[in-house]
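Here's entry21.json, which has JSON, C-alpha atoms:
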```json
[["chain", "number", "residue", "atom", "x", "y", "z"],
["N", 1, "MET", "CA", -99.69, -106.20, -10.96],
["N", 2, "ALA", "CA", -100.57, -103.80, -13.78],
["N", 3, "SER", "CA", -102.83, -101.87, -11.40],
["N", 4, "THR", "CA", -99.98, -101.50, -8.90],
["N", 5, "LYS", "CA", -97.63, -100.14, -11.58],
["N", 6, "LYS", "CA", -100.29, -97.69, -12.73],
["N", 7, "SER", "CA", -100.85, -96.53, -9.14],
["N", 8, "VAL", "CA", -97.10, -95.95, -8.59],
["N", 9, "SER", "CA", -96.84, -94.07, -11.88],
["N", 10, "SER", "CA", -99.80, -91.84, -11.08],
["N", 11, "ARG", "CA", -98.43, -91.09, -7.63],
["N", 12, "ALA", "CA", -95.02, -90.17, -9.09],
["N", 13, "LYS", "CA", -96.66, -87.82, -11.60],
["N", 14, "ARG", "CA", -98.74, -86.22, -8.84],
["N", 15, "VAL", "CA", -95.65, -85.71, -6.67],
["N", 16, "GLY", "CA", -93.82, -84.23, -9.66],
["N", 17, "ARG", "CA", -96.68, -81.78, -10.32],
["N", 18, "GLN", "CA", -96.74, -80.80, -6.65],
["N", 19, "LYS", "CA", -92.98, -80.15, -6.63],
["N", 20, "ALA", "CA", -93.21, -78.11, -9.83],
["N", 21, "SER", "CA", -96.08, -76.08, -8.38],
["N", 22, "ALA", "CA", -94.18, -75.48, -5.14],
["N", 23, "GLU", "CA", -91.10, -74.41, -7.11],
["N", 24, "GLN", "CA", -93.20, -72.01, -9.17],
["N", 25, "ARG", "CA", -94.68, -70.47, -6.01],
["N", 26, "ARG", "CA", -91.18, -70.12, -4.52],
["N", 27, "GLN", "CA", -89.91, -68.31, -7.60],
["N", 28, "GLN", "CA", -92.93, -66.02, -7.64],
["N", 29, "ARG", "CA", -92.27, -65.04, -4.02],
["N", 30, "GLU", "CA", -88.49, -64.71, -4.40],
["N", 31, "TYR", "CA", -88.47, -62.97, -7.76],
["N", 32, "ASP", "CA", -91.54, -60.77, -7.62],
["N", 33, "GLY", "CA", -91.16, -58.19, -10.40],
["N", 34, "VAL", "CA", -87.97, -59.73, -11.77],
["N", 35, "PRO", "CA", -87.97, -60.30, -15.58],
["N", 36, "ALA", "CA", -88.06, -63.93, -16.67],
["N", 37, "GLU", "CA", -84.66, -63.74, -18.38],
["N", 38, "ILE", "CA", -83.03, -62.53, -15.15],
["N", 39, "VAL", "CA", -84.76, -65.24, -13.11],
["N", 40, "LYS", "CA", -83.39, -67.81, -15.54],
["N", 41, "LEU", "CA", -79.87, -66.46, -15.08],
["N", 42, "LEU", "CA", -80.09, -66.35, -11.29],
["N", 43, "GLU", "CA", -81.45, -69.89, -11.14],
["N", 44, "SER", "CA", -79.00, -71.33, -13.68],
["N", 45, "GLY", "CA", -76.06, -71.64, -11.30],
["N", 46, "ASP", "CA", -73.93, -70.49, -14.22],
["N", 47, "ILE", "CA", -73.53, -66.83, -13.27],
["N", 48, "LEU", "CA", -70.56, -65.08, -11.72],
["N", 49, "PRO", "CA", -70.99, -63.87, -8.12],
["N", 50, "GLU", "CA", -70.73, -60.17, -9.03],
["N", 51, "TRP", "CA", -73.51, -60.49, -11.62],
["N", 52, "ASP", "CA", -75.67, -62.47, -9.21],
["N", 53, "THR", "CA", -75.30, -59.75, -6.54],
["N", 54, "PHE", "CA", -75.96, -56.97, -9.05],
["N", 55, "TYR", "CA", -79.05, -58.51, -10.64],
["N", 56, "ARG", "CA", -80.56, -59.39, -7.27],
["N", 57, "ALA", "CA", -80.15, -55.79, -6.12],
["N", 58, "PHE", "CA", -81.13, -54.19, -9.44],
["N", 59, "PRO", "CA", -83.10, -56.69, -11.57],
["N", 60, "THR", "CA", -84.17, -53.93, -13.98],
["N", 61, "VAL", "CA", -82.81, -50.62, -15.25],
["N", 62, "THR", "CA", -85.88, -49.08, -13.66],
["N", 63, "ALA", "CA", -84.89, -50.37, -10.21],
["N", 64, "ALA", "CA", -81.33, -49.10, -10.65],
["N", 65, "ALA", "CA", -82.49, -45.67, -11.84],
["N", 66, "GLU", "CA", -84.93, -45.35, -8.93],
["N", 67, "ALA", "CA", -82.20, -46.24, -6.43],
["N", 68, "ILE", "CA", -79.94, -43.50, -7.81],
["N", 69, "THR", "CA", -82.72, -40.94, -8.01],
["N", 70, "ARG", "CA", -83.64, -41.57, -4.37],
["N", 71, "GLY", "CA", -80.01, -41.49, -3.23],
["N", 72, "GLN", "CA", -80.17, -45.07, -1.97],
["N", 73, "GLY", "CA", -76.51, -45.89, -2.61],
["N", 74, "GLU", "CA", -74.22, -46.77, -5.47],
["N", 75, "VAL", "CA", -75.27, -48.77, -8.52],
["N", 76, "ARG", "CA", -72.04, -50.36, -9.65],
["N", 77, "LEU", "CA", -70.87, -53.63, -11.18],
["N", 78, "GLU", "CA", -67.25, -54.50, -11.91],
["N", 79, "SER", "CA", -66.82, -57.73, -13.81],
["N", 80, "HIS", "CA", -63.88, -59.69, -15.27],
["N", 81, "GLU", "CA", -65.97, -62.26, -17.13],
["N", 82, "HIS", "CA", -65.02, -61.67, -20.77],
["N", 83, "GLU", "CA", -63.40, -58.26, -20.39],
["N", 84, "LEU", "CA", -62.77, -55.74, -17.65],
["N", 85, "LEU", "CA", -66.15, -54.03, -17.44],
["N", 86, "LEU", "CA", -67.50, -51.33, -15.15],
["N", 87, "LEU", "CA", -71.27, -50.80, -15.34],
["N", 88, "GLN", "CA", -72.76, -47.93, -13.37],
["N", 89, "VAL", "CA", -75.97, -45.96, -13.15],
["N", 90, "VAL", "CA", -75.24, -42.35, -12.28],
["N", 91, "GLN", "CA", -77.02, -39.02, -12.29],
["N", 92, "GLU", "CA", -76.06, -36.37, -14.84],
["N", 93, "ASP", "CA", -77.96, -33.07, -14.93],
["N", 94, "GLY", "CA", -80.50, -34.62, -12.60],
["N", 95, "GLU", "CA", -81.23, -37.57, -14.91],
["N", 96, "PRO", "CA", -80.19, -41.22, -14.45],
["N", 97, "VAL", "CA", -77.67, -42.47, -17.01],
["N", 98, "VAL", "CA", -76.29, -45.97, -17.60],
["N", 99, "MET", "CA", -72.50, -45.54, -17.92],
["N", 100, "THR", "CA", -70.48, -48.39, -19.40],
["N", 101, "THR", "CA", -66.69, -48.40, -19.13],
["N", 102, "LEU", "CA", -64.62, -51.00, -20.99],
["N", 103, "TYR", "CA", -60.95, -51.14, -20.02],
["N", 104, "VAL", "CA", -58.32, -51.90, -22.64],
["N", 105, "PRO", "CA", -57.09, -55.51, -22.94],
["N", 106, "TYR", "CA", -53.75, -56.45, -21.42],
["N", 107, "GLY", "CA", -51.56, -56.11, -24.52],
["N", 108, "THR", "CA", -52.92, -52.62, -25.25],
["N", 109, "ARG", "CA", -52.48, -51.65, -21.61],
["N", 110, "ASP", "CA", -48.89, -52.90, -21.63],
["N", 111, "ALA", "CA", -47.99, -50.77, -24.66],
["N", 112, "LEU", "CA", -49.52, -47.69, -23.01],
["N", 113, "LEU", "CA", -47.69, -48.36, -19.74],
["N", 114, "SER", "CA", -44.45, -48.85, -21.64],
["N", 115, "GLY", "CA", -44.89, -45.42, -23.19],
["N", 116, "LEU", "CA", -45.71, -43.89, -19.82],
["N", 117, "PHE", "CA", -42.80, -45.46, -17.90],
["N", 118, "ASN", "CA", -40.33, -44.74, -20.69],
["N", 119, "SER", "CA", -41.26, -41.04, -20.72],
["N", 120, "ALA", "CA", -39.17, -38.75, -18.55],
["N", 121, "PRO", "CA", -40.94, -38.13, -15.20],
["N", 122, "ALA", "CA", -41.38, -34.44, -16.07],
["N", 123, "ASP", "CA", -43.07, -35.39, -19.36],
["N", 124, "ARG", "CA", -45.55, -37.98, -18.10],
["N", 125, "ASP", "CA", -48.54, -35.67, -17.71],
["N", 126, "GLN", "CA", -48.11, -34.54, -21.31],
["N", 127, "ALA", "CA", -47.62, -38.17, -22.38],
["N", 128, "LEU", "CA", -50.94, -39.11, -20.74],
["N", 129, "ASP", "CA", -52.71, -36.29, -22.57],
["N", 130, "THR", "CA", -51.21, -37.48, -25.86],
["N", 131, "MET", "CA", -52.13, -41.11, -25.18],
["N", 132, "THR", "CA", -55.73, -40.13, -24.44],
["N", 133, "GLY", "CA", -55.92, -38.70, -27.95],
["N", 134, "ILE", "CA", -54.31, -41.81, -29.43],
["N", 135, "LEU", "CA", -56.65, -44.32, -27.73],
["N", 136, "PRO", "CA", -59.21, -44.32, -30.59],
["N", 137, "GLU", "CA", -56.44, -45.26, -33.05],
["N", 138, "LEU", "CA", -55.87, -48.48, -31.09],
["N", 139, "LEU", "CA", -59.41, -49.63, -31.93],
["N", 140, "PRO", "CA", -60.53, -51.43, -35.10],
["N", 141, "ASP", "CA", -62.32, -49.16, -37.56],
["N", 142, "ASP", "CA", -65.83, -50.46, -36.81],
["N", 143, "ALA", "CA", -65.41, -49.68, -33.09],
["N", 144, "ARG", "CA", -64.52, -46.01, -33.66],
["N", 145, "ILE", "CA", -68.04, -44.62, -33.49],
["N", 146, "ASP", "CA", -69.67, -41.48, -32.18],
["N", 147, "GLY", "CA", -70.47, -41.59, -28.50],
["N", 148, "VAL", "CA", -67.34, -43.49, -27.43],
["N", 149, "GLU", "CA", -65.14, -41.48, -25.08],
["N", 150, "ALA", "CA", -61.46, -42.25, -24.48],
["N", 151, "VAL", "CA", -60.77, -42.24, -20.73],
["N", 152, "VAL", "CA", -57.62, -42.24, -18.60],
["N", 153, "GLU", "CA", -58.49, -42.79, -14.95],
["N", 154, "PRO", "CA", -55.97, -41.69, -12.30],
["N", 155, "PRO", "CA", -54.33, -44.44, -10.24],
["N", 156, "ALA", "CA", -56.58, -45.93, -7.57],
["N", 157, "ALA", "CA", -55.50, -45.75, -3.95],
["N", 158, "GLY", "CA", -52.34, -47.81, -3.55],
["N", 159, "ALA", "CA", -51.86, -48.26, -7.30],
["N", 160, "LEU", "CA", -48.91, -47.04, -9.37],
["N", 161, "VAL", "CA", -50.50, -46.62, -12.80],
["N", 162, "PRO", "CA", -53.62, -45.15, -14.38],
["N", 163, "ARG", "CA", -56.25, -47.21, -16.17],
["N", 164, "PHE", "CA", -57.10, -46.70, -19.85],
["N", 165, "ALA", "CA", -60.62, -47.27, -21.08],
["N", 166, "TYR", "CA", -63.44, -46.47, -23.48],
["N", 167, "ARG", "CA", -66.78, -45.25, -22.17],
["N", 168, "PHE", "CA", -70.26, -44.67, -23.48],
["N", 169, "LYS", "CA", -73.38, -43.37, -21.77],
["N", 170, "THR", "CA", -77.04, -44.19, -22.31],
["N", 171, "PRO", "CA", -79.96, -42.22, -20.80],
["N", 172, "ALA", "CA", -81.95, -44.53, -18.56],
["N", 173, "HIS", "CA", -85.20, -42.78, -19.48],
["N", 174, "GLY", "CA", -87.27, -45.15, -21.59],
["N", 175, "LEU", "CA", -85.28, -48.23, -20.58],
["N", 176, "THR", "CA", -86.97, -50.84, -18.41],
["N", 177, "THR", "CA", -85.23, -54.22, -18.48],
["N", 178, "TRP", "CA", -81.52, -54.85, -18.91],
["N", 179, "ASN", "CA", -82.41, -56.48, -22.22],
["N", 180, "SER", "CA", -83.77, -53.13, -23.36],
["N", 181, "TYR", "CA", -80.45, -51.53, -22.40],
["N", 182, "TYR", "CA", -78.47, -54.09, -24.44],
["N", 183, "GLU", "CA", -80.79, -53.57, -27.41],
["N", 184, "ALA", "CA", -80.38, -49.79, -27.13],
["N", 185, "THR", "CA", -76.58, -50.12, -27.20],
["N", 186, "LEU", "CA", -76.17, -52.64, -30.03],
["N", 187, "ARG", "CA", -74.17, -50.11, -32.04],
["N", 188, "PHE", "CA", -71.41, -50.43, -29.42],
["N", 189, "SER", "CA", -71.11, -54.20, -29.96],
["N", 190, "PRO", "CA", -67.89, -53.90, -32.04],
["N", 191, "LEU", "CA", -66.31, -51.99, -29.14],
["N", 192, "ARG", "CA", -67.41, -54.65, -26.65],
["N", 193, "GLU", "CA", -66.00, -57.38, -28.88],
["N", 194, "ALA", "CA", -62.68, -55.57, -29.34],
["N", 195, "MET", "CA", -62.26, -55.28, -25.57],
["N", 196, "THR", "CA", -62.65, -58.99, -24.83],
["N", 197, "TRP", "CA", -59.62, -60.98, -23.72],
["N", 198, "ILE", "CA", -59.48, -63.06, -26.91],
["N", 199, "ASP", "CA", -60.47, -60.67, -29.72],
["N", 200, "PRO", "CA", -57.33, -59.94, -31.81],
["N", 201, "ARG", "CA", -58.50, -56.77, -33.57],
["N", 202, "ALA", "CA", -57.51, -54.10, -31.03],
["N", 203, "ALA", "CA", -53.89, -53.00, -31.37],
["N", 204, "THR", "CA", -51.77, -54.68, -28.70],
["N", 205, "ASP", "CA", -48.10, -55.04, -27.78],
["N", 206, "ALA", "CA", -45.77, -54.37, -30.75],
["N", 207, "GLU", "CA", -48.56, -53.06, -33.01],
["N", 208, "ALA", "CA", -49.76, -50.63, -30.35],
["N", 209, "VAL", "CA", -46.16, -49.66, -29.57],
["N", 210, "ALA", "CA", -45.62, -48.71, -33.22],
["N", 211, "ILE", "CA", -48.73, -46.51, -33.20],
["N", 212, "LEU", "CA", -47.64, -44.78, -30.01],
["N", 213, "ARG", "CA", -44.12, -44.20, -31.32],
["N", 214, "ARG", "CA", -45.52, -42.49, -34.43],
["N", 215, "HIS", "CA", -46.99, -39.92, -32.06],
["N", 216, "GLY", "CA", -43.72, -39.39, -30.19],
["N", 217, "ILE", "CA", -44.50, -41.66, -27.23],
["N", 218, "PRO", "CA", -41.33, -43.65, -26.34],
["N", 219, "ALA", "CA", -43.01, -47.05, -26.00],
["N", 220, "ALA", "CA", -40.84, -50.11, -26.69],
["N", 221, "SER", "CA", -41.31, -53.77, -27.44],
["N", 222, "CYS", "CA", -39.07, -56.82, -27.49],
["N", 223, "ALA", "CA", -37.86, -57.66, -30.99],
["N", 224, "GLN", "CA", -38.20, -61.40, -30.24],
["N", 225, "CYS", "CA", -41.40, -61.98, -28.26],
["N", 226, "GLY", "CA", -43.13, -58.72, -29.26],
["N", 227, "HIS", "CA", -44.22, -57.88, -25.72],
["N", 228, "ALA", "CA", -44.28, -54.23, -24.69],
["N", 229, "VAL", "CA", -41.40, -53.54, -22.29],
["N", 230, "THR", "CA", -39.84, -50.86, -20.13],
["N", 231, "ASP", "CA", -36.47, -50.42, -18.44],
["N", 232, "GLN", "CA", -37.95, -47.91, -15.99],
["N", 233, "HIS", "CA", -40.12, -50.23, -13.89],
["N", 234, "PRO", "CA", -39.84, -49.24, -10.20],
["N", 235, "ALA", "CA", -38.93, -52.79, -9.19],
["N", 236, "TRP", "CA", -36.49, -53.45, -12.07],
["N", 237, "PRO", "CA", -34.73, -50.16, -12.89],
["N", 238, "GLY", "CA", -32.34, -50.45, -15.82],
["N", 239, "LEU", "CA", -33.57, -53.91, -16.83],
["N", 240, "TRP", "CA", -35.99, -54.51, -19.71],
["N", 241, "VAL", "CA", -39.15, -56.17, -18.35],
["N", 242, "ASP", "CA", -42.62, -56.84, -19.70],
["N", 243, "PHE", "CA", -45.84, -56.45, -17.74],
["N", 244, "ILE", "CA", -46.80, -60.13, -17.64],
["N", 245, "ALA", "CA", -46.63, -61.61, -14.16],
["N", 246, "GLU", "CA", -45.06, -64.89, -15.32],
["N", 247, "GLY", "CA", -42.58, -63.16, -17.63],
["N", 248, "GLY", "CA", -41.11, -59.95, -16.32],
["N", 249, "PRO", "CA", -37.42, -59.89, -17.32],
["N", 250, "ILE", "CA", -37.57, -63.25, -19.14],
["N", 251, "CYS", "CA", -38.30, -63.30, -22.87],
["N", 252, "ASP", "CA", -40.45, -66.29, -23.87],
["N", 253, "ASP", "CA", -38.80, -66.51, -27.29],
["N", 254, "TYR", "CA", -35.18, -66.10, -26.24],
["N", 255, "ASP", "CA", -33.05, -68.85, -27.78],
["N", 256, "ASP", "CA", -31.28, -70.51, -24.86],
["N", 257, "SER", "CA", -30.74, -73.84, -26.60],
["N", 258, "ALA", "CA", -26.96, -73.41, -26.38],
["N", 259, "LEU", "CA", -27.29, -73.57, -22.59],
["N", 260, "ALA", "CA", -29.44, -76.69, -22.57],
["N", 261, "ARG", "CA", -28.21, -80.21, -21.89],
["N", 262, "ASP", "CA", -29.75, -83.61, -22.38],
["N", 263, "ASN", "CA", -29.71, -84.22, -18.66],
["N", 264, "GLU", "CA", -32.04, -81.85, -16.83],
["N", 265, "LEU", "CA", -29.76, -81.80, -13.80],
["N", 266, "ASP", "CA", -26.98, -80.33, -15.98],
["N", 267, "SER", "CA", -29.18, -77.81, -17.78],
["N", 268, "VAL", "CA", -28.98, -74.08, -17.06],
["N", 269, "ALA", "CA", -31.42, -73.06, -19.80],
["N", 270, "ILE", "CA", -33.75, -70.59, -18.09],
["N", 271, "GLY", "CA", -34.65, -68.23, -20.93],
["N", 272, "GLY", "CA", -32.98, -64.91, -21.45],
["N", 273, "PRO", "CA", -33.40, -61.13, -21.59],
["N", 274, "HIS", "CA", -35.72, -59.15, -23.81],
["N", 275, "GLN", "CA", -34.09, -57.80, -26.97],
["N", 276, "VAL", "CA", -35.03, -54.16, -27.58],
["N", 277, "LEU", "CA", -34.09, -52.24, -30.70],
["N", 278, "THR", "CA", -32.36, -48.90, -30.44],
["N", 279, "LEU", "CA", -34.44, -45.82, -31.26],
["N", 280, "GLU", "CA", -32.93, -45.63, -34.75],
["N", 281, "GLU", "CA", -33.51, -49.33, -35.41],
["N", 282, "ALA", "CA", -37.10, -49.10, -34.16],
["N", 283, "GLU", "CA", -37.80, -46.08, -36.37],
["N", 284, "GLN", "CA", -36.40, -47.93, -39.41],
["N", 285, "THR", "CA", -38.55, -50.97, -38.59],
["N", 286, "ASP", "CA", -41.68, -48.84, -38.07],
["N", 287, "HIS", "CA", -41.02, -46.99, -41.35],
["N", 288, "ALA", "CA", -40.59, -50.23, -43.27],
["N", 289, "ALA", "CA", -43.79, -51.68, -41.76],
["N", 290, "SER", "CA", -45.83, -48.60, -42.72],
["N", 291, "ARG", "CA", -44.73, -48.68, -46.38]]
```

Structure encoded using structure tokens:
Amino acid sequence: MASTKKSVSSRAKRVGRQKASAEQRRQQREYDGVPAEIVKLLESGDILPEWDTFYRAFPTVTAAAEAITRGQGEVRLESHEHELLLLQVVQEDGEPVVMTTLYVPYGTRDALLSGLFNSAPADRDQALDTMTGILPELLPDDARIDGVEAVVEPPAAGALVPRFAYRFKTPAHGLTTWNSYYEATLRFSPLREAMTWIDPRAATDAEAVAILRRHGIPAASCAQCGHAVTDQHPAWPGLWVDFIAEGGPICDDYDDSALARDNELDSVAIGGPHQVLTLEEAEQTDHAASR
């Protein structure tokens, strides 16, 4: 009996070694020249589709730079994993460059759009120029470093509004793996962190509105919920709305308790409108906050 158990155990170990060897050969064929850390990501099953596609096409910075140098198409990754990121390899002055664009988080974007919509149509080009200069002020101090460019991209085809972002560029010369790129750009880590969906340090909503107003941009925010708002939205002219899909004209913090009833069938409590201070009231509030 003991001999039989030993035989079964040995056979199982042999089969396991054979499977491991076959898997190793498969990976060597499929990932020839791909760095081990990228292979691990691709095999993990825990990688977003856009990153999987990008890393399979360009497993190293070297591969991406060669593709651009040879004119073999676009090297581009747009990801929404932790922030809105655009990673590209482009040619500048005949040399490949890794260009990283980090778009502002939603609350910052909303304040900027409020300022844009609330500006008179004839003044919007000037407002955009002013906002480009203000963009660094919306960052925490440790993210305001040399090499970061404030960017306002024109509206994409079919879009109504521009996109606001921060960008930095890194020469691809001397970089090999994507790990070497991340190591070469460690000084931009505070910027990356400030652009994530959950980092609270970048100025957003009411805080960003106050900064914009100090520069003469007529941004506005709701005095109750704090969301940036406009009454010049193309779909809601004359009505204060925020830029949150689930909110729009409804203020989350509006007190509608007087409309509520114990019986849900009798209740008409559905929220209420945003409360926006007049220009004079907003200026007094901003002045008091800055003291």

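Proximity ranking of N:Phe54, N:Val61, N:Gln91, N:Ile244 relative to Asn179 in chain N places N:Val61 first, based on only C-alpha atoms.
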
All residues 7 Å or closer to range 191-197 of chain N, only C-alpha atoms, same chain fewer than 4 positions away omitted, as a PDB file with C-alpha atoms, in the coordinates of the input:
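File written: result.pdb
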```
ATOM      1  CA  HIS N  82     -65.020 -61.670 -20.770  1.00  0.00           C
ATOM      2  CA  GLU N  83     -63.400 -58.260 -20.390  1.00  0.00           C
ATOM      3  CA  LEU N 102     -64.620 -51.000 -20.990  1.00  0.00           C
ATOM      4  CA  VAL N 104     -58.320 -51.900 -22.640  1.00  0.00           C
ATOM      5  CA  PRO N 105     -57.090 -55.510 -22.940  1.00  0.00           C
ATOM      6  CA  ALA N 143     -65.410 -49.680 -33.090  1.00  0.00           C
ATOM      7  CA  ARG N 201     -58.500 -56.770 -33.570  1.00  0.00           C
ATOM      8  CA  ALA N 202     -57.510 -54.100 -31.030  1.00  0.00           C
TER       9      ALA N 202
END
```

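Distance check against Val209 in chain N using all atoms listed in the file: of N:Val161, N:Cys225, N:Val151, N:Leu113, the minimum falls on N:Leu113.
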
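If all atoms listed in the file are the atoms counted, then among N:Asp32, N:Glu137, N:Asp242, N:Asp46 the closest residue to Arg214 in chain N is N:Glu137.
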
**Study point:** Residue neighbourhood range 230-234 of chain N, 10 Å, only C-alpha atoms, exclusion window fewer than 6 positions, as a list of chain:residue names
**Key:** N:Asp110, N:Ala111, N:Leu113, N:Ser114, N:Gly115, N:Leu116, N:Phe117, N:Asn118, N:Ser119, N:Ala120, N:Leu160, N:Pro218, N:Ala219, N:Ala220, N:Ser221, N:Cys222, N:Trp240, N:Val241, N:Asp242, N:Phe243, N:Gly248, N:Pro249, N:His274, N:Val276

Exercise for review: To one decimal in Å, tell me the separation between CA of Pro162 in chain N and CA of Thr185 in chain N.
Suggested key: 26.8 Å

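Take the candidates N:Ile68, N:His227, N:Thr170, N:Asp142 and check each one against Ser189 in chain N using only C-alpha atoms; the shortest distance goes to N:Asp142.
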
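Near Glu43 in chain N, within a cut-off of 10 Å and counting all atoms listed in the file, sit the residues Gln27, Ile38, Val39, Ile47 and Asp52 of chain N, with same-chain residues fewer than 4 positions away left out.
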
Check your understanding: Got a sec: who's within 12 Å of Glu37 in chain N, counting all atoms listed in the file, leaving out chain neighbours fewer than 5 positions off, as a ChimeraX atom specification?
Key -> /N:31,42-44,55,59-60,177-180

Review point. Which is closest to Ile217 in chain N among N:Pro35, N:Gly45, N:Gly133, N:Pro96, if we use all atoms listed in the file?
Key: N:Gly133

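Between CA of Gly33 in chain N and CA of Leu85 in chain N the separation is 26.3 Å.
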
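Counting from CA of Glu81 in chain N, the distance to CA of Gly174 in chain N is 27.7 Å.
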
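Restricting the calculation to all atoms listed in the file, the smallest distance between Asp205 in chain N and any of N:Gly73, N:Gly226, N:Asp256, N:Gly247 is found for N:Gly226.
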
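All residues of protein, DNA or RNA that reach within 10 Å of Gly147 in chain N, judged by all atoms listed in the file and not counting those fewer than 4 positions away in the chain, are Tyr166, Arg167, Phe168, Lys169, Thr170, Arg187 and Phe188 of chain N.
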